[in-house]
file structure36.pdb (PDB, C-alpha atoms, pLDDT in the B column)
ATOM      1  CA  MET A  95     101.342 126.731 112.437  1.00 90.00           C
ATOM      2  CA  LEU A  96     103.196 129.378 114.386  1.00 92.00           C
ATOM      3  CA  LYS A  97     105.393 132.007 112.741  1.00 93.00           C
ATOM      4  CA  GLN A  98     108.707 130.917 114.234  1.00 95.00           C
ATOM      5  CA  GLU A  99     107.893 127.294 113.440  1.00 96.00           C
ATOM      6  CA  ALA A 100     107.272 128.166 109.773  1.00 97.00           C
ATOM      7  CA  LYS A 101     110.539 130.143 109.589  1.00 97.00           C
ATOM      8  CA  TRP A 102     112.595 127.297 111.060  1.00 97.00           C
ATOM      9  CA  LEU A 103     111.102 124.693 108.736  1.00 98.00           C
ATOM     10  CA  GLY A 104     111.446 127.044 105.758  1.00 97.00           C
ATOM     11  CA  ARG A 105     115.143 127.569 106.469  1.00 97.00           C
ATOM     12  CA  GLU A 106     115.744 123.828 106.663  1.00 97.00           C
ATOM     13  CA  LEU A 107     113.821 123.216 103.432  1.00 97.00           C
ATOM     14  CA  GLY A 108     115.862 125.963 101.774  1.00 96.00           C
ATOM     15  CA  ARG A 109     119.112 124.191 102.679  1.00 96.00           C
ATOM     16  CA  LEU A 110     118.173 121.193 100.529  1.00 96.00           C
ATOM     17  CA  ASP A 111     119.016 120.804  96.873  1.00 96.00           C
ATOM     18  CA  LEU A 112     115.862 121.239  94.810  1.00 96.00           C
ATOM     19  CA  SER A 113     116.133 117.699  93.449  1.00 93.00           C
ATOM     20  CA  ARG A 114     115.956 116.404  97.026  1.00 94.00           C
ATOM     21  CA  ALA A 115     113.269 118.735  98.337  1.00 96.00           C
ATOM     22  CA  SER A 116     110.757 118.774  95.486  1.00 97.00           C
ATOM     23  CA  PRO A 117     108.050 117.769  95.001  1.00 97.00           C
ATOM     24  CA  VAL A 118     107.142 117.977  98.686  1.00 98.00           C
ATOM     25  CA  VAL A 119     103.854 116.667 100.085  1.00 98.00           C
ATOM     26  CA  ASN A 120     102.242 118.971 102.657  1.00 98.00           C
ATOM     27  CA  VAL A 121     100.292 116.522 104.833  1.00 97.00           C
ATOM     28  CA  GLY A 122      97.228 117.983 106.563  1.00 95.00           C
ATOM     29  CA  SER A 123      97.549 121.152 104.510  1.00 95.00           C
ATOM     30  CA  SER A 124      94.141 122.719 105.181  1.00 94.00           C
ATOM     31  CA  THR A 125      92.909 125.216 102.571  1.00 95.00           C
ATOM     32  CA  ARG A 126      94.607 127.848 100.432  1.00 96.00           C
ATOM     33  CA  TYR A 127      92.724 130.518 102.428  1.00 96.00           C
ATOM     34  CA  PHE A 128      94.126 129.143 105.683  1.00 94.00           C
ATOM     35  CA  ARG A 129      97.715 129.012 104.365  1.00 96.00           C
ATOM     36  CA  GLU A 130      97.719 132.333 102.548  1.00 95.00           C
ATOM     37  CA  VAL A 131      95.220 134.568 104.419  1.00 94.00           C
ATOM     38  CA  GLN A 132      94.531 133.297 107.943  1.00 91.00           C
ATOM     39  CA  GLN A 133      98.142 132.240 108.551  1.00 92.00           C
ATOM     40  CA  PRO A 134     100.021 133.787 105.613  1.00 94.00           C
ATOM     41  CA  TRP A 135     103.446 132.974 107.063  1.00 95.00           C
ATOM     42  CA  ILE A 136     102.818 129.316 106.169  1.00 96.00           C
ATOM     43  CA  ASP A 137     103.034 130.112 102.481  1.00 97.00           C
ATOM     44  CA  GLN A 138     105.392 133.085 102.729  1.00 97.00           C
ATOM     45  CA  ASP A 139     108.060 131.489 104.908  1.00 97.00           C
ATOM     46  CA  LEU A 140     107.731 127.776 104.163  1.00 97.00           C
ATOM     47  CA  PHE A 141     106.442 127.097 100.662  1.00 97.00           C
ATOM     48  CA  ALA A 142     106.840 130.256  98.558  1.00 97.00           C
ATOM     49  CA  PRO A 143     110.670 130.180  98.714  1.00 97.00           C
ATOM     50  CA  LEU A 144     110.608 126.610  97.372  1.00 97.00           C
ATOM     51  CA  ARG A 145     108.287 127.580  94.527  1.00 97.00           C
ATOM     52  CA  ARG A 146     110.551 130.505  93.611  1.00 97.00           C
ATOM     53  CA  ARG A 147     113.367 127.981  93.156  1.00 96.00           C
ATOM     54  CA  GLY A 148     111.156 126.026  90.765  1.00 97.00           C
ATOM     55  CA  GLY A 149     109.911 123.509  93.323  1.00 97.00           C
ATOM     56  CA  ARG A 150     106.442 122.026  93.654  1.00 97.00           C
ATOM     57  CA  VAL A 151     104.186 121.538  96.680  1.00 98.00           C
ATOM     58  CA  ILE A 152     101.404 118.923  96.798  1.00 98.00           C
ATOM     59  CA  HIS A 153      98.771 119.769  99.393  1.00 98.00           C
ATOM     60  CA  GLN A 154      96.924 116.826 100.996  1.00 97.00           C
ATOM     61  CA  ASP A 155      94.004 117.071 103.408  1.00 96.00           C
ATOM     62  CA  LEU A 156      90.895 115.202 104.516  1.00 94.00           C
ATOM     63  CA  LYS A 157      88.567 117.895 103.185  1.00 93.00           C
ATOM     64  CA  ALA A 158      87.973 118.822  99.572  1.00 94.00           C
ATOM     65  CA  ASP A 159      88.493 122.570  99.261  1.00 95.00           C
ATOM     66  CA  ASP A 160      90.360 125.194  97.304  1.00 96.00           C
ATOM     67  CA  GLY A 161      94.084 124.568  97.437  1.00 96.00           C
ATOM     68  CA  VAL A 162      93.878 120.867  98.301  1.00 97.00           C
ATOM     69  CA  ASP A 163      95.454 118.731  95.567  1.00 97.00           C
ATOM     70  CA  VAL A 164      94.860 115.265  97.032  1.00 97.00           C
ATOM     71  CA  VAL A 165      91.837 114.591  99.235  1.00 97.00           C
ATOM     72  CA  GLY A 166      91.795 111.654 101.627  1.00 96.00           C
ATOM     73  CA  SER A 167      93.314 110.038 104.693  1.00 95.00           C
ATOM     74  CA  LEU A 168      96.955 109.069 104.785  1.00 93.00           C
ATOM     75  CA  MET A 169      95.783 105.777 106.316  1.00 93.00           C
ATOM     76  CA  ASP A 170      93.805 104.998 103.132  1.00 95.00           C
ATOM     77  CA  PRO A 171      95.849 103.067 100.516  1.00 94.00           C
ATOM     78  CA  GLU A 172      93.945 104.825  97.733  1.00 95.00           C
ATOM     79  CA  CYS A 173      95.081 108.216  99.039  1.00 95.00           C
ATOM     80  CA  LEU A 174      98.673 106.988  99.213  1.00 93.00           C
ATOM     81  CA  ALA A 175      98.419 105.738  95.646  1.00 94.00           C
ATOM     82  CA  ARG A 176      97.169 109.121  94.425  1.00 95.00           C
ATOM     83  CA  LEU A 177     100.026 110.855  96.218  1.00 95.00           C
ATOM     84  CA  ALA A 178     102.526 108.434  94.680  1.00 93.00           C
ATOM     85  CA  GLU A 179     101.369 109.534  91.221  1.00 94.00           C
ATOM     86  CA  TRP A 180     102.949 112.950  91.935  1.00 95.00           C
ATOM     87  CA  SER A 181     106.360 111.266  92.532  1.00 95.00           C
ATOM     88  CA  PRO A 182     107.061 113.125  95.790  1.00 96.00           C
ATOM     89  CA  ARG A 183     110.605 113.398  97.135  1.00 97.00           C
ATOM     90  CA  SER A 184     110.006 114.891 100.573  1.00 98.00           C
ATOM     91  CA  VAL A 185     107.163 115.262 103.066  1.00 98.00           C
ATOM     92  CA  CYS A 186     106.155 118.093 105.397  1.00 98.00           C
ATOM     93  CA  CYS A 187     103.812 117.302 108.284  1.00 98.00           C
ATOM     94  CA  THR A 188     103.191 120.135 110.742  1.00 97.00           C
ATOM     95  CA  SER A 189     101.044 120.005 113.877  1.00 94.00           C
ATOM     96  CA  VAL A 190      99.213 116.863 112.807  1.00 96.00           C
ATOM     97  CA  LEU A 191     100.571 114.025 114.951  1.00 97.00           C
ATOM     98  CA  GLU A 192      98.832 115.314 118.085  1.00 95.00           C
ATOM     99  CA  HIS A 193      95.509 114.943 116.242  1.00 94.00           C
ATOM    100  CA  VAL A 194      95.710 111.235 115.271  1.00 94.00           C
ATOM    101  CA  ASP A 195      94.839 108.163 117.344  1.00 92.00           C
ATOM    102  CA  ASP A 196      97.336 105.780 115.742  1.00 95.00           C
ATOM    103  CA  ARG A 197     100.586 107.764 115.880  1.00 96.00           C
ATOM    104  CA  ARG A 198     102.853 104.841 115.024  1.00 96.00           C
ATOM    105  CA  GLY A 199     100.736 103.775 112.070  1.00 96.00           C
ATOM    106  CA  PHE A 200     100.589 107.356 110.815  1.00 97.00           C
ATOM    107  CA  ALA A 201     104.357 107.732 111.277  1.00 97.00           C
ATOM    108  CA  GLN A 202     104.896 104.612 109.172  1.00 96.00           C
ATOM    109  CA  ARG A 203     102.784 106.098 106.356  1.00 96.00           C
ATOM    110  CA  LEU A 204     104.835 109.283 106.461  1.00 97.00           C
ATOM    111  CA  THR A 205     108.048 107.255 106.283  1.00 97.00           C
ATOM    112  CA  GLU A 206     106.786 105.342 103.257  1.00 95.00           C
ATOM    113  CA  LEU A 207     106.034 108.569 101.395  1.00 95.00           C
ATOM    114  CA  VAL A 208     109.596 109.899 101.643  1.00 97.00           C
ATOM    115  CA  ALA A 209     111.863 109.050  98.697  1.00 96.00           C
ATOM    116  CA  PRO A 210     115.166 107.304  99.518  1.00 96.00           C
ATOM    117  CA  ASP A 211     117.082 110.591  99.252  1.00 95.00           C
ATOM    118  CA  GLY A 212     114.260 112.826 100.483  1.00 96.00           C
ATOM    119  CA  VAL A 213     113.516 114.222 103.917  1.00 98.00           C
ATOM    120  CA  LEU A 214     110.637 114.382 106.361  1.00 98.00           C
ATOM    121  CA  LEU A 215     109.993 117.784 107.963  1.00 98.00           C
ATOM    122  CA  LEU A 216     107.973 117.447 111.164  1.00 98.00           C
ATOM    123  CA  SER A 217     106.588 119.698 113.858  1.00 98.00           C
ATOM    124  CA  VAL A 218     104.500 118.899 116.927  1.00 98.00           C
ATOM    125  CA  PRO A 219     103.652 121.260 119.807  1.00 96.00           C
ATOM    126  CA  ARG A 220     105.842 120.841 122.869  1.00 96.00           C
ATOM    127  CA  ALA A 221     104.110 123.472 125.033  1.00 93.00           C
ATOM    128  CA  PHE A 222     100.681 124.448 123.719  1.00 90.00           C
ATOM    129  CA  PRO A 223      97.049 124.374 124.946  1.00 86.00           C
ATOM    130  CA  TRP A 224      94.654 121.535 124.228  1.00 83.00           C
ATOM    131  CA  HIS A 225      93.188 122.177 120.747  1.00 82.00           C
ATOM    132  CA  PRO A 226      90.880 119.530 119.238  1.00 82.00           C
ATOM    133  CA  ASP A 227      90.820 119.105 115.456  1.00 80.00           C
ATOM    134  CA  PRO A 228      88.634 117.128 116.059  1.00 83.00           C
ATOM    135  CA  ILE A 229      90.765 115.473 118.760  1.00 89.00           C
ATOM    136  CA  ASP A 230      93.913 116.377 120.633  1.00 91.00           C
ATOM    137  CA  THR A 231      95.712 113.429 122.257  1.00 92.00           C
ATOM    138  CA  MET A 232      97.999 115.831 124.170  1.00 92.00           C
ATOM    139  CA  PHE A 233     101.055 114.361 122.440  1.00 95.00           C
ATOM    140  CA  ARG A 234     103.687 116.967 123.332  1.00 96.00           C
ATOM    141  CA  PRO A 235     106.993 115.260 122.490  1.00 97.00           C
ATOM    142  CA  SER A 236     110.600 116.131 123.130  1.00 98.00           C
ATOM    143  CA  VAL A 237     112.983 115.821 120.180  1.00 98.00           C
ATOM    144  CA  ASP A 238     113.971 112.299 121.263  1.00 98.00           C
ATOM    145  CA  GLU A 239     110.348 111.220 121.667  1.00 98.00           C
ATOM    146  CA  LEU A 240     109.418 112.505 118.223  1.00 98.00           C
ATOM    147  CA  VAL A 241     112.445 110.913 116.536  1.00 98.00           C
ATOM    148  CA  ALA A 242     111.632 107.592 118.242  1.00 98.00           C
ATOM    149  CA  LEU A 243     108.401 107.349 116.221  1.00 97.00           C
ATOM    150  CA  PHE A 244     110.535 106.918 113.088  1.00 98.00           C
ATOM    151  CA  PRO A 245     112.949 104.055 113.859  1.00 97.00           C
ATOM    152  CA  THR A 246     114.211 103.701 110.275  1.00 97.00           C
ATOM    153  CA  MET A 247     115.083 107.397 109.956  1.00 98.00           C
ATOM    154  CA  ARG A 248     117.760 109.596 111.510  1.00 98.00           C
ATOM    155  CA  PRO A 249     117.674 113.291 112.452  1.00 98.00           C
ATOM    156  CA  ARG A 250     119.313 115.760 110.085  1.00 97.00           C
ATOM    157  CA  ALA A 251     118.278 118.790 112.159  1.00 98.00           C
ATOM    158  CA  ALA A 252     116.215 119.242 115.312  1.00 98.00           C
ATOM    159  CA  LYS A 253     115.177 122.015 117.675  1.00 98.00           C
ATOM    160  CA  VAL A 254     112.508 122.935 120.208  1.00 98.00           C
ATOM    161  CA  VAL A 255     111.494 126.296 118.755  1.00 97.00           C
ATOM    162  CA  ALA A 256     110.223 129.091 121.014  1.00 95.00           C
ATOM    163  CA  CYS A 257     107.083 130.527 119.396  1.00 91.00           C
ATOM    164  CA  GLY A 258     105.863 133.440 121.501  1.00 86.00           C
ATOM    165  CA  ARG A 259     102.748 133.572 123.642  1.00 82.00           C
ATOM    166  CA  LEU A 260      98.973 133.495 123.221  1.00 77.00           C
ATOM    167  CA  LEU A 261      98.652 137.230 122.533  1.00 73.00           C
ATOM    168  CA  ASP A 262     101.296 136.953 119.801  1.00 69.00           C
ATOM    169  CA  LEU A 263      99.303 134.152 118.192  1.00 67.00           C
ATOM    170  CA  VAL A 264      95.844 135.713 118.195  1.00 61.00           C
ATOM    171  CA  ALA A 265      97.014 139.148 116.954  1.00 56.00           C
ATOM    172  CA  GLY A 266      93.870 141.017 117.886  1.00 44.00           C
ATOM    173  CA  ASP A 267      91.409 138.133 117.567  1.00 46.00           C
ATOM    174  CA  LEU A 268      91.375 136.785 121.122  1.00 50.00           C
ATOM    175  CA  PRO A 269      87.619 135.897 121.159  1.00 52.00           C
ATOM    176  CA  GLY A 270      87.924 134.014 117.871  1.00 51.00           C
ATOM    177  CA  ALA A 271      91.035 132.174 118.960  1.00 54.00           C
ATOM    178  CA  VAL A 272      89.475 131.136 122.270  1.00 54.00           C
ATOM    179  CA  SER A 273      86.380 129.930 120.430  1.00 54.00           C
ATOM    180  CA  ARG A 274      88.492 127.773 118.114  1.00 51.00           C
ATOM    181  CA  LEU A 275      90.533 126.335 120.964  1.00 53.00           C
ATOM    182  CA  LEU A 276      87.412 125.460 122.948  1.00 53.00           C
ATOM    183  CA  LYS A 277      85.337 123.960 120.138  1.00 54.00           C
ATOM    184  CA  PRO A 278      83.902 120.513 120.941  1.00 51.00           C
ATOM    185  CA  GLY A 279      86.403 117.718 120.614  1.00 50.00           C
ATOM    186  CA  ARG A 280      87.687 114.530 122.157  1.00 54.00           C
ATOM    187  CA  GLY A 281      90.936 112.915 123.149  1.00 52.00           C
ATOM    188  CA  ALA A 282      93.224 113.124 126.143  1.00 52.00           C
ATOM    189  CA  GLY A 283      92.597 116.323 128.058  1.00 50.00           C
ATOM    190  CA  ALA A 284      89.123 116.865 126.616  1.00 51.00           C
ATOM    191  CA  ASP A 285      87.456 116.512 129.997  1.00 53.00           C
ATOM    192  CA  ASP A 286      90.010 118.724 131.724  1.00 50.00           C
ATOM    193  CA  VAL A 287      89.295 121.982 129.886  1.00 50.00           C
ATOM    194  CA  PRO A 288      87.262 124.117 132.350  1.00 46.00           C
ATOM    195  CA  ARG A 289      84.797 125.707 129.924  1.00 49.00           C
ATOM    196  CA  ALA A 290      83.016 127.398 132.829  1.00 40.00           C
ATOM    197  CA  SER A 291      86.270 128.991 133.981  1.00 48.00           C
ATOM    198  CA  LEU A 292      88.236 130.284 131.007  1.00 53.00           C
ATOM    199  CA  ARG A 293      90.487 132.358 133.244  1.00 54.00           C
ATOM    200  CA  GLN A 294      91.676 129.222 135.036  1.00 53.00           C
ATOM    201  CA  TRP A 295      92.579 127.540 131.745  1.00 60.00           C
ATOM    202  CA  LEU A 296      93.790 130.433 129.598  1.00 66.00           C
ATOM    203  CA  TRP A 297      95.584 132.636 132.076  1.00 70.00           C
ATOM    204  CA  PRO A 298      98.819 130.584 132.225  1.00 76.00           C
ATOM    205  CA  TRP A 299      99.105 130.791 128.426  1.00 75.00           C
ATOM    206  CA  LEU A 300      99.050 134.570 128.482  1.00 77.00           C
ATOM    207  CA  VAL A 301     102.518 134.440 130.046  1.00 80.00           C
ATOM    208  CA  LYS A 302     103.750 130.908 129.337  1.00 85.00           C
ATOM    209  CA  PRO A 303     105.641 130.676 126.004  1.00 89.00           C
ATOM    210  CA  PHE A 304     104.576 128.284 123.298  1.00 93.00           C
ATOM    211  CA  GLU A 305     107.158 125.765 122.111  1.00 96.00           C
ATOM    212  CA  VAL A 306     107.147 123.491 119.056  1.00 97.00           C
ATOM    213  CA  THR A 307     109.354 120.450 118.540  1.00 98.00           C
ATOM    214  CA  CYS A 308     110.718 120.558 114.989  1.00 98.00           C
ATOM    215  CA  VAL A 309     112.821 117.870 113.300  1.00 98.00           C
ATOM    216  CA  VAL A 310     114.087 117.041 109.831  1.00 98.00           C
ATOM    217  CA  LEU A 311     114.580 113.316 109.256  1.00 98.00           C
ATOM    218  CA  GLU A 312     116.250 111.329 106.473  1.00 98.00           C
ATOM    219  CA  HIS A 313     116.396 107.607 105.786  1.00 97.00           C
ATOM    220  CA  ALA A 314     119.120 105.865 107.774  1.00 93.00           C
TER     221      ALA A 314
END

call {"tool": "encode", "arguments": {"input": "structure36.pdb", "output": "structure tokens"}}
result
Amino acid sequence: MLKQEAKWLGRELGRLDLSRASPVVNVGSSTRYFREVQQPWIDQDLFAPLRRRGGRVIHQDLKADDGVDVVGSLMDPECLARLAEWSPRSVCCTSVLEHVDDRRGFAQRLTELVAPDGVLLLSVPRAFPWHPDPIDTMFRPSVDELVALFPTMRPRAAKVVACGRLLDLVAGDLPGAVSRLLKPGRGAGADDVPRASLRQWLWPWLVKPFEVTCVVLEHA
């Protein structure tokens, strides 16, 4: 997650009454270390303000690790049942939809998790390099394209958020960031990354700004 993305989503979450926002499920949460050390703005700007108001965050991810409350795939009914036991109101899903094969099926699962008076906070890169985890389908939607995945919901807020450039993201760890972006993966664009010519692939992103499509949806 990028810093400006986290700030925008955090502001929108902060505008909700606590009874509507909490508990919130953080889908594809990764680990506590990732949220609080590697990318500390995720916790500081998005989730910590909710906790200070007395809210709760339920972290869901495929991998069992520190800071993951519910382990499993959102496409697995057993995982959905375990999440339902927490009685979630809202759902936060950031930079995940570009990494799933069945976007419409995944979108339906997200919709089902949101309580009737809850909201769905979403973000998907609009302008960002190919980054497999383990795949990247190169889904880079506009606001309208992202909203269209959720036909039974309506937008409460939406914006394409400018999020700086590559050097802002890596903050002194360019080799590590390049290594992560170029790790083996599959999906649309996988065969187009010129691993033998990093300059050809990376150079545009040194000057081209990143953008993230962010929306907040509620049941229609």

call {"tool": "resolve_selection", "arguments": {"input": "structure36.pdb", "expression": "the PyMOL selection byres ((chain A and resi 180-192) around 9)", "output": "number ranges by chain"}}
result
A: 95, 99, 103, 113-123, 151-152, 176-179, 193-197, 200-201, 204-205, 207-219, 229-234, 306, 308

call {"tool": "residues_around", "arguments": {"input": "structure36.pdb", "residues": "Met247 of chain A", "least_positions_apart": "2", "cutoff": "7 Å", "atoms": "only C-alpha atoms", "output": "VMD selection string"}}
result
chain A and resid 244 to 245 249 311 to 314

call {"tool": "atom_distance", "arguments": {"input": "structure36.pdb", "atom1": "atom CA of Leu174 of chain A", "atom2": "atom CA of Gly199 of chain A"}}
result
13.4 Å

call {"tool": "atom_distance", "arguments": {"input": "structure36.pdb", "atom1": "atom CA of Leu156 of chain A", "atom2": "atom CA of Glu172 of chain A"}}
result
12.8 Å

call {"tool": "closest_residue", "arguments": {"input": "structure36.pdb", "among": "A:Leu140, A:Val254, A:Arg203, A:Thr125", "to": "Val165 of chain A", "atoms": "all atoms listed in the file"}}
result
A:Thr125
